[in-house]
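K.L.:
Dropping in protein.txt, which is compact mmCIF, C-alpha atoms and all ligand atoms:
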# COMPACT_ATOMS: atom_id res chain seq x y z
CA MET Z 9 50.03 132.59 93.16
CA ARG Z 10 50.41 136.07 91.71
CA ALA Z 11 52.86 134.83 89.08
CA ALA Z 12 50.58 131.92 88.20
CA GLY Z 13 47.57 134.24 88.10
CA GLU Z 14 49.32 136.61 85.73
CA ARG Z 15 50.20 133.81 83.36
CA GLU Z 16 46.70 132.35 83.50
CA GLY Z 17 45.07 135.76 83.18
CA GLU Z 18 43.19 135.12 86.44
CA GLY Z 19 42.59 137.86 88.95
CA PHE Z 20 41.98 137.17 92.62
CA GLU Z 21 41.82 139.31 95.69
CA VAL Z 22 43.85 138.46 98.77
CA THR Z 23 43.04 139.77 102.23
CA GLU Z 24 45.05 138.86 105.32
CA GLY Z 25 43.81 138.05 108.80
CA LEU Z 26 45.61 137.27 112.03
CA ILE Z 27 45.43 133.88 113.77
CA GLY Z 28 47.56 132.04 116.33
CA GLY Z 29 50.53 133.70 118.01
CA ALA Z 30 50.39 136.82 115.85
CA ALA Z 31 46.72 137.31 116.79
CA ILE Z 32 47.42 136.65 120.48
CA ASP Z 33 50.18 139.25 120.48
CA ALA Z 34 48.01 141.83 118.74
CA THR Z 35 44.60 141.17 120.34
CA GLY Z 36 44.96 138.65 123.16
CA GLN Z 37 42.79 136.16 121.23
CA PRO Z 38 44.05 133.28 119.05
CA LEU Z 39 41.13 133.73 116.62
CA PRO Z 40 39.79 137.30 116.65
CA ALA Z 41 36.13 137.61 115.55
CA GLU Z 42 37.33 139.85 112.75
CA THR Z 43 39.47 137.06 111.29
CA LEU Z 44 36.66 134.52 111.47
CA LYS Z 45 34.34 136.94 109.69
CA LEU Z 46 36.94 137.68 107.03
CA CYS Z 47 37.33 133.94 106.42
CA ARG Z 48 33.55 133.40 106.29
CA ASP Z 49 33.27 136.15 103.69
CA SER Z 50 36.01 134.68 101.50
CA ASP Z 51 35.88 131.99 98.83
CA ALA Z 52 38.75 130.08 100.39
CA VAL Z 53 41.19 130.33 103.28
CA LEU Z 54 44.92 129.73 102.85
CA LEU Z 55 46.35 129.10 106.29
CA ALA Z 56 49.96 129.38 107.35
CA ALA Z 57 51.05 127.28 110.29
CA ILE Z 58 50.36 128.40 113.84
CA GLY Z 59 52.19 127.75 117.12
CA GLY Z 60 55.50 128.38 118.79
CA TYR Z 61 57.40 128.09 122.05
CA LYS Z 62 56.43 131.62 123.09
CA TRP Z 63 52.77 130.67 123.50
CA ASP Z 64 53.18 127.10 124.80
CA THR Z 65 52.45 127.95 128.43
CA LEU Z 66 49.18 129.81 127.85
CA ALA Z 67 45.85 128.39 129.08
CA PRO Z 68 44.31 125.89 126.62
CA GLU Z 69 41.65 128.30 125.34
CA LEU Z 70 44.23 131.01 124.66
CA ARG Z 71 46.79 128.90 122.81
CA PRO Z 72 47.46 129.35 119.07
CA GLU Z 73 46.24 125.79 118.46
CA ARG Z 74 42.82 126.72 119.80
CA GLY Z 75 42.64 129.46 117.17
CA LEU Z 76 43.13 126.92 114.42
CA LEU Z 77 40.63 124.49 115.95
CA SER Z 78 38.05 127.27 116.33
CA LEU Z 79 38.52 128.28 112.71
CA ARG Z 80 37.99 124.70 111.53
CA GLU Z 81 34.94 124.40 113.78
CA GLY Z 82 33.65 127.88 112.91
CA LEU Z 83 33.69 127.11 109.20
CA GLN Z 84 32.54 123.51 109.83
CA CYS Z 85 35.39 122.16 107.72
CA PHE Z 86 34.75 118.55 108.71
CA ALA Z 87 36.54 116.75 105.87
CA ASN Z 88 40.30 117.06 105.89
CA LEU Z 89 41.96 115.61 102.80
CA ARG Z 90 45.64 114.83 103.25
CA PRO Z 91 47.22 113.33 100.14
CA ALA Z 92 50.57 111.59 100.60
CA THR Z 93 52.02 111.18 97.15
CA VAL Z 94 55.55 110.04 96.49
CA LEU Z 95 56.94 112.12 93.64
CA PRO Z 96 59.36 110.24 91.37
CA GLN Z 97 62.03 112.91 92.01
CA LEU Z 98 61.89 112.25 95.74
CA VAL Z 99 61.82 108.48 95.90
CA ASP Z 100 65.28 108.49 97.45
CA ALA Z 101 64.45 111.27 99.91
CA SER Z 102 62.25 108.95 101.97
CA SER Z 103 63.68 107.30 105.04
CA LEU Z 104 62.22 104.08 103.65
CA LYS Z 105 63.57 102.01 100.78
CA ARG Z 106 62.85 102.97 97.17
CA GLU Z 107 61.04 99.67 96.50
CA VAL Z 108 58.67 100.36 99.41
CA VAL Z 109 57.73 103.94 98.56
CA GLU Z 110 57.87 104.09 94.77
CA GLY Z 111 54.43 104.87 93.35
CA VAL Z 112 52.77 105.47 96.73
CA ASP Z 113 49.61 107.54 96.45
CA ILE Z 114 47.48 107.58 99.60
CA MET Z 115 44.58 109.88 100.35
CA ILE Z 116 43.94 110.24 104.06
CA VAL Z 117 40.45 111.52 104.84
CA ARG Z 118 40.49 112.79 108.40
CA GLU Z 119 37.36 113.87 110.29
CA LEU Z 120 38.29 117.34 111.52
CA VAL Z 121 35.65 118.92 113.72
CA GLY Z 122 34.70 116.10 116.08
CA GLY Z 123 36.16 113.22 118.06
CA ILE Z 124 38.46 113.64 121.03
CA TYR Z 125 39.53 117.12 119.88
CA PHE Z 126 36.11 118.59 120.57
CA GLY Z 127 34.29 116.05 122.79
CA GLN Z 128 32.80 117.16 126.10
CA PRO Z 129 33.45 116.84 128.97
CA ARG Z 130 37.08 117.84 128.90
CA GLY Z 131 39.38 119.56 131.30
CA PHE Z 132 41.29 119.13 134.53
CA ARG Z 133 39.92 118.17 137.93
CA THR Z 134 40.99 116.66 141.21
CA ASN Z 135 40.18 113.01 141.88
CA ASP Z 136 39.15 111.42 145.19
CA ALA Z 137 42.78 110.86 146.10
CA GLY Z 138 43.37 114.61 145.78
CA GLU Z 139 45.43 114.12 142.65
CA ARG Z 140 45.01 116.26 139.50
CA VAL Z 141 43.67 114.46 136.45
CA GLY Z 142 43.27 115.62 132.88
CA PHE Z 143 40.47 114.19 130.75
CA ASN Z 144 38.99 114.30 127.25
CA THR Z 145 36.09 112.56 125.58
CA MET Z 146 36.30 110.73 122.31
CA ILE Z 147 32.82 110.94 120.87
CA TYR Z 148 31.21 110.59 117.43
CA SER Z 149 27.55 110.71 116.50
CA GLU Z 150 26.12 108.62 113.67
CA SER Z 151 25.58 111.69 111.49
CA GLU Z 152 29.16 112.86 111.99
CA VAL Z 153 30.50 109.50 110.87
CA GLU Z 154 28.02 109.32 108.00
CA ARG Z 155 29.03 112.63 106.45
CA ILE Z 156 32.77 111.92 106.53
CA ALA Z 157 32.16 108.38 105.24
CA HIS Z 158 30.23 109.75 102.25
CA VAL Z 159 33.11 112.09 101.41
CA ALA Z 160 35.59 109.22 101.66
CA PHE Z 161 33.54 106.79 99.54
CA LYS Z 162 33.02 109.43 96.85
CA LEU Z 163 36.72 110.26 96.80
CA ALA Z 164 37.70 106.58 96.72
CA ARG Z 165 35.46 106.19 93.68
CA LYS Z 166 37.50 108.82 91.83
CA ARG Z 167 40.70 106.99 92.80
CA LYS Z 168 41.27 103.23 92.87
CA SER Z 169 37.94 102.47 94.58
CA ARG Z 170 39.56 101.01 97.68
CA LEU Z 171 38.70 102.46 101.08
CA THR Z 172 40.26 101.49 104.42
CA SER Z 173 38.42 102.66 107.51
CA VAL Z 174 40.78 102.98 110.46
CA GLU Z 175 39.62 102.82 114.09
CA LYS Z 176 40.12 100.98 117.37
CA SER Z 177 36.89 99.01 117.56
CA ASN Z 178 38.55 96.18 119.47
CA VAL Z 179 38.62 98.51 122.49
CA LEU Z 180 36.63 101.73 122.02
CA GLU Z 181 32.84 102.05 121.81
CA VAL Z 182 33.23 105.21 119.72
CA SER Z 183 35.12 103.09 117.18
CA MET Z 184 32.55 100.28 117.26
CA LEU Z 185 29.93 102.82 116.21
CA TRP Z 186 32.32 104.29 113.63
CA LYS Z 187 32.85 100.88 112.02
CA GLU Z 188 29.14 100.07 112.04
CA VAL Z 189 28.17 103.38 110.41
CA VAL Z 190 30.94 103.28 107.78
CA THR Z 191 29.85 99.74 106.86
CA ARG Z 192 26.24 100.88 106.56
CA VAL Z 193 27.16 103.89 104.40
CA GLY Z 194 29.25 101.55 102.26
CA GLN Z 195 26.14 99.71 101.12
CA ALA Z 196 25.42 102.69 98.88
CA TYR Z 197 28.87 102.30 97.27
CA PRO Z 198 29.03 98.64 96.22
CA ASP Z 199 31.71 99.52 93.66
CA VAL Z 200 34.13 100.61 96.42
CA ALA Z 201 36.03 97.84 98.22
CA LEU Z 202 35.78 98.67 101.93
CA SER Z 203 38.14 97.20 104.50
CA HIS Z 204 38.57 97.88 108.22
CA MET Z 205 41.80 98.15 110.14
CA TYR Z 206 42.76 98.87 113.74
CA VAL Z 207 44.79 102.04 114.03
CA ASP Z 208 47.84 100.37 115.59
CA ASN Z 209 48.02 97.93 112.70
CA ALA Z 210 47.41 100.75 110.22
CA ALA Z 211 50.37 102.70 111.62
CA MET Z 212 52.52 99.65 110.93
CA GLN Z 213 51.06 98.82 107.51
CA VAL Z 214 51.52 102.39 106.27
CA ILE Z 215 55.24 101.94 106.82
CA ARG Z 216 55.43 98.26 105.83
CA ASN Z 217 53.38 98.26 102.67
CA PRO Z 218 52.15 101.76 101.85
CA ARG Z 219 51.12 100.82 98.33
CA SER Z 220 48.40 98.59 99.79
CA PHE Z 221 46.48 101.79 100.68
CA ASP Z 222 44.40 103.86 98.34
CA THR Z 223 41.93 105.97 100.32
CA LEU Z 224 41.87 105.88 104.10
CA VAL Z 225 39.15 107.33 106.33
CA THR Z 226 39.57 107.89 110.02
CA GLY Z 227 38.73 110.06 113.02
CA ASN Z 228 40.37 113.28 114.10
CA ILE Z 229 43.26 112.14 116.26
CA PHE Z 230 44.08 108.94 114.35
CA GLY Z 231 44.17 110.98 111.12
CA ASP Z 232 46.45 113.55 112.72
CA ILE Z 233 48.98 110.91 113.69
CA LEU Z 234 48.75 108.75 110.57
CA SER Z 235 49.23 111.72 108.24
CA ASP Z 236 52.48 112.78 109.92
CA ALA Z 237 53.68 109.17 109.68
CA ALA Z 238 52.65 108.95 106.01
CA SER Z 239 54.52 112.16 105.26
CA MET Z 240 57.83 110.37 105.66
CA LEU Z 241 56.95 108.14 102.71
CA THR Z 242 57.07 111.29 100.56
CA GLY Z 243 60.43 112.40 101.89
CA SER Z 244 59.37 115.07 104.36
CA LEU Z 245 56.52 116.53 106.36
CA GLY Z 246 57.39 119.66 104.38
CA MET Z 247 55.82 118.08 101.27
CA LEU Z 248 52.27 117.43 102.55
CA PRO Z 249 49.42 119.80 101.68
CA SER Z 250 45.85 119.53 102.88
CA ALA Z 251 42.34 120.72 102.11
CA SER Z 252 39.60 120.99 104.73
CA ILE Z 253 36.18 121.08 103.18
CA ALA Z 254 32.79 122.07 104.56
CA GLU Z 255 29.34 121.13 103.31
CA SER Z 256 29.00 124.74 102.18
CA GLY Z 257 31.13 127.86 102.52
CA PRO Z 258 34.89 128.31 102.25
CA GLY Z 259 37.38 125.53 102.79
CA ILE Z 260 40.71 125.86 104.60
CA TYR Z 261 43.91 124.99 102.76
CA GLU Z 262 47.01 124.44 104.85
CA PRO Z 263 50.15 122.36 105.06
CA VAL Z 264 50.01 119.30 107.33
CA HIS Z 265 53.10 120.51 109.16
CA GLY Z 266 53.28 123.09 111.92
CA SER Z 267 55.37 126.20 112.37
CA ALA Z 268 58.61 124.19 112.69
CA PRO Z 269 59.98 126.41 115.47
CA ASP Z 270 63.09 124.27 115.75
CA ILE Z 271 64.29 125.58 112.38
CA ALA Z 272 62.68 129.03 112.44
CA GLY Z 273 64.75 131.90 111.08
CA GLN Z 274 67.28 129.65 109.36
CA ASP Z 275 65.83 129.97 105.87
CA ILE Z 276 65.71 126.21 105.44
CA ALA Z 277 61.99 125.43 105.71
CA ASN Z 278 60.50 123.55 102.79
CA PRO Z 279 57.84 125.76 101.16
CA MET Z 280 56.42 123.00 98.96
CA ALA Z 281 53.61 121.87 101.30
CA MET Z 282 52.43 125.48 101.38
CA VAL Z 283 52.67 125.88 97.59
CA LEU Z 284 50.85 122.58 97.09
CA SER Z 285 48.17 123.69 99.57
CA ALA Z 286 47.66 126.81 97.46
CA ALA Z 287 47.33 124.49 94.47
CA MET Z 288 44.65 122.46 96.29
CA MET Z 289 42.91 125.73 97.10
CA CYS Z 290 42.91 126.77 93.44
CA ARG Z 291 41.56 123.40 92.36
CA TYR Z 292 38.93 122.67 95.03
CA GLY Z 293 38.16 126.07 96.53
CA LEU Z 294 38.43 128.60 93.72
CA ASP Z 295 37.74 126.46 90.66
CA LEU Z 296 40.96 127.64 89.00
CA PRO Z 297 42.42 124.35 87.76
CA GLY Z 298 44.84 126.10 85.41
CA MET Z 299 46.45 127.89 88.32
CA ALA Z 300 46.56 124.68 90.34
CA GLU Z 301 48.47 123.02 87.54
CA ARG Z 302 50.92 125.90 87.34
CA LEU Z 303 51.60 125.80 91.07
CA GLU Z 304 52.10 122.04 91.01
CA GLY Z 305 54.22 122.52 87.92
CA ALA Z 306 56.39 124.99 89.80
CA VAL Z 307 57.07 122.38 92.48
CA THR Z 308 57.88 119.67 89.94
CA ALA Z 309 60.05 122.03 87.92
CA ALA Z 310 62.03 123.09 90.98
CA LEU Z 311 62.58 119.45 91.92
CA ASP Z 312 63.49 118.54 88.34
CA ALA Z 313 65.99 121.40 88.34
CA GLY Z 314 67.62 119.77 91.36
CA TYR Z 315 66.58 122.13 94.12
CA ARG Z 316 66.23 120.52 97.53
CA THR Z 317 65.61 121.96 100.96
CA LYS Z 318 67.57 120.38 103.76
CA ASP Z 319 64.69 118.19 105.00
CA LEU Z 320 64.79 116.34 101.67
CA MET Z 321 68.47 115.52 101.91
CA SER Z 322 69.37 112.68 104.20
CA GLU Z 323 73.05 112.15 104.81
CA GLY Z 324 74.65 109.81 102.32
CA LYS Z 325 72.02 110.46 99.69
CA ARG Z 326 73.38 113.62 98.21
CA GLU Z 327 74.53 112.39 94.84
CA GLY Z 328 72.74 114.11 92.04
CA ILE Z 329 71.63 116.95 94.27
CA ARG Z 330 72.94 120.39 93.46
CA LYS Z 331 74.86 121.31 96.58
CA ASP Z 332 75.31 124.86 95.36
CA HIS Z 333 71.61 125.39 95.82
CA VAL Z 334 70.90 123.74 99.12
CA GLU Z 335 68.38 126.42 99.95
CA PHE Z 336 65.34 126.90 97.84
CA GLN Z 337 65.73 129.92 95.58
CA TYR Z 338 62.38 131.48 94.87
CA SER Z 339 63.51 133.35 91.79
CA ALA Z 340 65.10 130.28 90.29
CA ALA Z 341 62.00 128.25 91.01
CA ASN Z 342 59.81 130.82 89.33
CA GLN Z 343 62.06 130.83 86.34
CA ALA Z 344 61.92 127.06 86.17
CA ALA Z 345 58.12 127.18 86.38
CA GLY Z 346 58.04 129.77 83.60
CA HIS Z 347 59.99 127.48 81.32
CA LYS Z 348 57.40 124.75 81.66
P1 LIG X 401 56.01 120.73 113.13
O1 LIG X 401 55.21 120.14 112.04
O2 LIG X 401 56.06 122.20 113.21
O3 LIG X 401 57.51 120.18 113.01
C1 LIG X 401 57.83 118.81 113.13
C2 LIG X 401 59.21 118.56 112.53
O4 LIG X 401 59.13 118.66 111.11
C3 LIG X 401 60.24 119.57 112.98
O5 LIG X 401 61.48 118.95 113.11
C4 LIG X 401 60.27 120.58 111.84
O6 LIG X 401 61.50 121.24 111.68
C5 LIG X 401 59.97 119.68 110.63
N1 LIG X 401 59.25 120.45 109.61
C6 LIG X 401 57.95 120.82 109.65
N2 LIG X 401 57.64 121.54 108.58
C7 LIG X 401 58.75 121.63 107.84
C8 LIG X 401 59.06 122.29 106.61
N3 LIG X 401 58.15 122.98 105.92
N4 LIG X 401 60.33 122.20 106.14
C9 LIG X 401 61.25 121.51 106.81
N5 LIG X 401 61.03 120.87 107.98
C10 LIG X 401 59.79 120.94 108.49
O7 LIG X 401 55.44 120.08 114.48
P2 LIG X 401 55.85 120.36 116.00
O8 LIG X 401 57.29 120.70 116.11
O9 LIG X 401 55.32 119.22 116.74
O10 LIG X 401 54.99 121.63 116.39
C11 LIG X 401 55.48 122.97 116.32
C12 LIG X 401 54.33 123.95 116.50
O11 LIG X 401 53.47 123.91 115.38
C13 LIG X 401 53.45 123.65 117.71
O12 LIG X 401 53.08 124.87 118.29
C14 LIG X 401 52.25 122.95 117.10
O13 LIG X 401 51.09 123.05 117.86
C15 LIG X 401 52.13 123.68 115.80
N6 LIG X 401 51.47 122.92 114.73
C16 LIG X 401 50.68 123.67 113.91
C17 LIG X 401 50.07 123.06 112.83
C18 LIG X 401 49.24 123.89 111.92
O14 LIG X 401 49.29 125.11 111.96
N7 LIG X 401 48.45 123.30 111.05
C19 LIG X 401 50.32 121.71 112.56
C20 LIG X 401 51.15 120.99 113.41
C21 LIG X 401 51.74 121.63 114.51
C1 LIG X 402 47.47 119.46 112.33
C2 LIG X 402 47.95 119.98 113.66
C3 LIG X 402 46.77 120.46 114.49
C4 LIG X 402 45.90 119.24 114.78
C5 LIG X 402 47.10 121.17 115.80
C6 LIG X 402 48.12 122.24 115.65
C7 LIG X 402 45.87 121.73 116.44
O1 LIG X 402 48.70 119.03 114.33
O2 LIG X 402 46.84 120.23 111.58
O3 LIG X 402 47.76 118.31 112.00
O4 LIG X 402 46.17 118.48 115.70
O5 LIG X 402 44.93 119.06 114.04
MN MN X 403 49.18 117.29 113.07
Would you give me this structure, written as structure tokens?
Ligand code: NAD
Ligand code: IPM
Ligand code: MN
P.N.:
Amino acid sequence: MRAAGEREGEGFEVTEGLIGGAAIDATGQPLPAETLKLCRDSDAVLLAAIGGYKWDTLAPELRPERGLLSLREGLQCFANLRPATVLPQLVDASSLKREVVEGVDIMIVRELVGGIYFGQPRGFRTNDAGERVGFNTMIYSESEVERIAHVAFKLARKRKSRLTSVEKSNVLEVSMLWKEVVTRVGQAYPDVALSHMYVDNAAMQVIRNPRSFDTLVTGNIFGDILSDAASMLTGSLGMLPSASIAESGPGIYEPVHGSAPDIAGQDIANPMAMVLSAAMMCRYGLDLPGMAERLEGAVTAALDAGYRTKDLMSEGKREGIRKDHVEFQYSAANQAAGHK
């Protein structure tokens, strides 16, 4: 971002706050009040992934994940945009066939501050048989569905004007209401072709015929799962950025992936989702489109130059990939971006 800022002649101020495991270690809280305030007072929040084995046994309210959820809730970032775009350079990196993934461009709009993630009641209790049970509540109000539906319809309009609403209305009341409200909101967008799909079918169709999707709108947990699945169309979870937008105030920009503890410390993590998240932040959060283009350009240039992190190289598909640069070289990538 600094390099892009210098070239664009844009200045910006960066302050850092603790969240997740680092915050727990330093303060005992996954989202210290100080961090939330810092975020509130900023124009945009760029979030690195949280989580790790070290904190997996903590009580639910003290886990790193709760820090992230509280930040999303605290800033009321209800609309999570997760684009899954297959870049031409990475068509062969997908675990699916070239002819299936070529040209895929899906925008998943995930409701982020409601649904089963936040519904009450939730918790653990003992049932009549003396057995422990865990429970959560999947709940959406009409206004919550309305506001995410409006975001999705407006976005669809700027794309190919096709919106698929994904739910489980054959079983769940919460989804019956979801479908009803999305249909009602859709009356104000007659130019957008709205279709409805059950989430189990959607999970299959995203793999079978991903090009049939343009914009997809869904609830919190379905969007979480579908976006990880859609990431494999692009080659890797390490490619997917996201933007979480509020009605007013700063948005949160973060990769779709987590902290990848299984590969931590090996210097093999793909930084592109993070770089692309910074690009989304420049475009949507800071109104610096020139910088967004430079950051996206850096990713394209690095790929064009043949750089691949390990996650983008499936066995047997290594032709054409520069094996001398298996690991992403920041300096080389910057150079490549500079040439553009
Ligand atoms: P994960 O996304 O961290 O990793 C899933 C798989 O994808 C792993 O095999 C990992 O190595 C790989 N992967 C992820 N990002 C990658 C990258 N940039 N480059 C290369 N490979 C990458 O999900 P997980 O393993 O289920 O969860 C690990 C931790 O991360 C948990 O504590 C979880 O709660 C947390 N998490 C955080 C976020 C977030 O901060 N937004 C998102 C998801 C999971
Ligand atoms: C994501 C993550 C988070 C979620 C977790 C870490 C709370 O999986 O951003 O997709 O479930 O929303
Ligand atoms: Mn997730």
K.L.:
Around all of ligand LIG 402 (chain X)'s listed atoms, make the axis-aligned box with 6 Å on each side and tell me centre and edge lengths in Å to one decimal, as JSON.
P.N.:
{"center_x": 46.8, "center_y": 120.3, "center_z": 114.0, "size_x": 15.8, "size_y": 15.9, "size_z": 16.9}
K.L.:
Find the residues near ligand LIG 401 (chain X). Use a cut-off of 7 Å, count only C-alpha atoms and all ligand atoms, and write them as a PyMOL selection string.
P.N.:
chain Z and resi 56-61+64+73+76+245-246+262-271+276-279+281+319
K.L.:
What do you get as an mmCIF file with C-alpha atoms, in the coordinates of the input if you pick all residues at most 9 Å from ligand MN 403 (chain X), counting only C-alpha atoms and all ligand atoms?
P.N.:
data_model
loop_
_atom_site.group_PDB
_atom_site.id
_atom_site.type_symbol
_atom_site.label_atom_id
_atom_site.label_comp_id
_atom_site.auth_asym_id
_atom_site.auth_seq_id
_atom_site.Cartn_x
_atom_site.Cartn_y
_atom_site.Cartn_z
ATOM 1 C CA ILE Z 229 43.260 112.140 116.260
ATOM 2 C CA GLY Z 231 44.170 110.980 111.120
ATOM 3 C CA ASP Z 232 46.450 113.550 112.720
ATOM 4 C CA ILE Z 233 48.980 110.910 113.690
ATOM 5 C CA LEU Z 234 48.750 108.750 110.570
ATOM 6 C CA SER Z 235 49.230 111.720 108.240
ATOM 7 C CA ASP Z 236 52.480 112.780 109.920
ATOM 8 C CA VAL Z 264 50.010 119.300 107.330
ATOM 9 C CA HIS Z 265 53.100 120.510 109.160
ATOM 10 C CA GLY Z 266 53.280 123.090 111.920
#
K.L.:
Rank nothing, just name the residue among Z:Gly123, Z:Gly13, Z:Gly19, Z:Pro129 nearest to ligand LIG 402 (chain X), using all atoms listed in the file.
P.N.:
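Selected residue with least distance to ligand LIG 402 (chain X): Z:Gly123.
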K.L.:
Could you check which of Z:Met115, Z:Leu163, Z:Ala92, Z:Leu120 is closest to Z:Ala238, using only C-alpha atoms?
P.N.:
Z:Ala92
K.L.:
Work out how far apart atom CA of Z:Ala101 and atom CA of Z:Val283 are and give it in Å to one decimal.
P.N.:
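Computed distance, atom CA of Z:Ala101 to atom CA of Z:Val283, equals 18.9 Å.
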K.L.:
Could you please determine the separation between atom CA of Z:Ala30 and atom CA of Z:Met282 in Å, to one decimal place?
P.N.:
18.5 Å
K.L.:
List as a PyMOL selection string the residues having at least one atom at most 10 Å from position (47.4, 109.2, 105.7) as given in the file, counting only C-alpha atoms.
P.N.:
chain Z and resi 89-93+113-118+210-211+214+218+221-226+230-239
K.L.:
Give me, please, the distance in Å between atom CA of Z:Ala286 and atom CA of Z:Val53, quoted to one decimal.
P.N.:
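Going from atom CA of Z:Ala286 over to atom CA of Z:Val53, I get 9.4 Å.
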K.L.:
Around (30.2, 119.6, 110.7), as given in the file, which residues come within 12 Å? Count only C-alpha atoms and list them as a PyMOL selection string.
P.N.:
chain Z and resi 80-88+119-123+126+148-149+151-156+252-257
K.L.:
Can I get the selected residues back with C-alpha atoms, as a short mmCIF file (atom, residue, chain, number, x, y, z; two decimals), in the coordinates of the input?
P.N.:
data_model
loop_
_atom_site.label_atom_id
_atom_site.label_comp_id
_atom_site.auth_asym_id
_atom_site.auth_seq_id
_atom_site.Cartn_x
_atom_site.Cartn_y
_atom_site.Cartn_z
CA ARG Z 80 37.99 124.70 111.53
CA GLU Z 81 34.94 124.40 113.78
CA GLY Z 82 33.65 127.88 112.91
CA LEU Z 83 33.69 127.11 109.20
CA GLN Z 84 32.54 123.51 109.83
CA CYS Z 85 35.39 122.16 107.72
CA PHE Z 86 34.75 118.55 108.71
CA ALA Z 87 36.54 116.75 105.87
CA ASN Z 88 40.30 117.06 105.89
CA GLU Z 119 37.36 113.87 110.29
CA LEU Z 120 38.29 117.34 111.52
CA VAL Z 121 35.65 118.92 113.72
CA GLY Z 122 34.70 116.10 116.08
CA GLY Z 123 36.16 113.22 118.06
CA PHE Z 126 36.11 118.59 120.57
CA TYR Z 148 31.21 110.59 117.43
CA SER Z 149 27.55 110.71 116.50
CA SER Z 151 25.58 111.69 111.49
CA GLU Z 152 29.16 112.86 111.99
CA VAL Z 153 30.50 109.50 110.87
CA GLU Z 154 28.02 109.32 108.00
CA ARG Z 155 29.03 112.63 106.45
CA ILE Z 156 32.77 111.92 106.53
CA SER Z 252 39.60 120.99 104.73
CA ILE Z 253 36.18 121.08 103.18
CA ALA Z 254 32.79 122.07 104.56
CA GLU Z 255 29.34 121.13 103.31
CA SER Z 256 29.00 124.74 102.18
CA GLY Z 257 31.13 127.86 102.52
#
K.L.:
Pick from Z:Pro198, Z:Pro40, Z:Gly243, Z:Pro249: nearest to ligand LIG 402 (chain X), with all atoms listed in the file counted?
P.N.:
Z:Pro249
K.L.:
Counting all atoms listed in the file, which of Z:Leu79, Z:Val307, Z:Val193, Z:Leu284 gets nearest to ligand LIG 402 (chain X)?
P.N.:
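For ligand LIG 402 (chain X), the nearest of the candidates is Z:Leu79.
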K.L.:
I'd like the contact shell of Z:Gln128 - 12 Å cut-off, only C-alpha atoms, skipping same-chain residues fewer than 3 positions apart - returned as an NGL selection string.
P.N.:
:Z and (122-125 or 131 or 143-148)
K.L.:
Identify, on the basis of only C-alpha atoms, every residue whose closest approach to Z:Asp295 does not exceed 12 Å; exclude the query and any residue fewer than 6 positions from it along the same chain; express the result as a PDB file with C-alpha atoms, in the coordinates of the input.
P.N.:
ATOM      1  CA  GLU Z  18      43.190 135.120  86.440  1.00  0.00           C
ATOM      2  CA  PHE Z  20      41.980 137.170  92.620  1.00  0.00           C
ATOM      3  CA  ASP Z  51      35.880 131.990  98.830  1.00  0.00           C
ATOM      4  CA  ALA Z  52      38.750 130.080 100.390  1.00  0.00           C
ATOM      5  CA  ALA Z 287      47.330 124.490  94.470  1.00  0.00           C
ATOM      6  CA  MET Z 288      44.650 122.460  96.290  1.00  0.00           C
ATOM      7  CA  MET Z 289      42.910 125.730  97.100  1.00  0.00           C
ATOM      8  CA  GLU Z 301      48.470 123.020  87.540  1.00  0.00           C
TER       9      GLU Z 301
END
K.L.:
Using the block above, I'd like stretch 208-236 of chain Z written out, keeping C-alpha atoms and formatting it as an mmCIF file, in the first residue's frame.
P.N.:
data_model
loop_
_atom_site.group_PDB
_atom_site.id
_atom_site.type_symbol
_atom_site.label_atom_id
_atom_site.label_comp_id
_atom_site.auth_asym_id
_atom_site.auth_seq_id
_atom_site.Cartn_x
_atom_site.Cartn_y
_atom_site.Cartn_z
ATOM 1 C CA ASP Z 208 -27.785 -27.811 -0.746
ATOM 2 C CA ASN Z 209 -28.500 -27.483 -4.445
ATOM 3 C CA ALA Z 210 -26.524 -24.230 -4.578
ATOM 4 C CA ALA Z 211 -23.462 -25.958 -3.096
ATOM 5 C CA MET Z 212 -23.686 -28.471 -5.932
ATOM 6 C CA GLN Z 213 -24.437 -25.965 -8.715
ATOM 7 C CA VAL Z 214 -21.504 -23.741 -7.713
ATOM 8 C CA ILE Z 215 -19.225 -26.676 -8.469
ATOM 9 C CA ARG Z 216 -21.200 -28.077 -11.418
ATOM 10 C CA ASN Z 217 -21.907 -24.925 -13.368
ATOM 11 C CA PRO Z 218 -20.356 -21.899 -11.668
ATOM 12 C CA ARG Z 219 -20.841 -19.668 -14.689
ATOM 13 C CA SER Z 220 -24.602 -19.898 -14.177
ATOM 14 C CA PHE Z 221 -24.174 -17.581 -11.153
ATOM 15 C CA ASP Z 222 -23.775 -13.841 -11.255
ATOM 16 C CA THR Z 223 -24.708 -12.349 -7.880
ATOM 17 C CA LEU Z 224 -25.750 -14.552 -4.990
ATOM 18 C CA VAL Z 225 -27.350 -13.373 -1.740
ATOM 19 C CA THR Z 226 -27.594 -15.507 1.346
ATOM 20 C CA GLY Z 227 -27.561 -15.616 5.142
ATOM 21 C CA ASN Z 228 -24.573 -15.667 7.438
ATOM 22 C CA ILE Z 229 -23.733 -19.355 7.736
ATOM 23 C CA PHE Z 230 -24.710 -20.374 4.199
ATOM 24 C CA GLY Z 231 -22.543 -17.537 2.855
ATOM 25 C CA ASP Z 232 -19.634 -18.631 5.016
ATOM 26 C CA ILE Z 233 -19.729 -22.141 3.611
ATOM 27 C CA LEU Z 234 -20.507 -21.268 -0.007
ATOM 28 C CA SER Z 235 -17.677 -18.733 -0.202
ATOM 29 C CA ASP Z 236 -15.058 -21.254 0.913
#
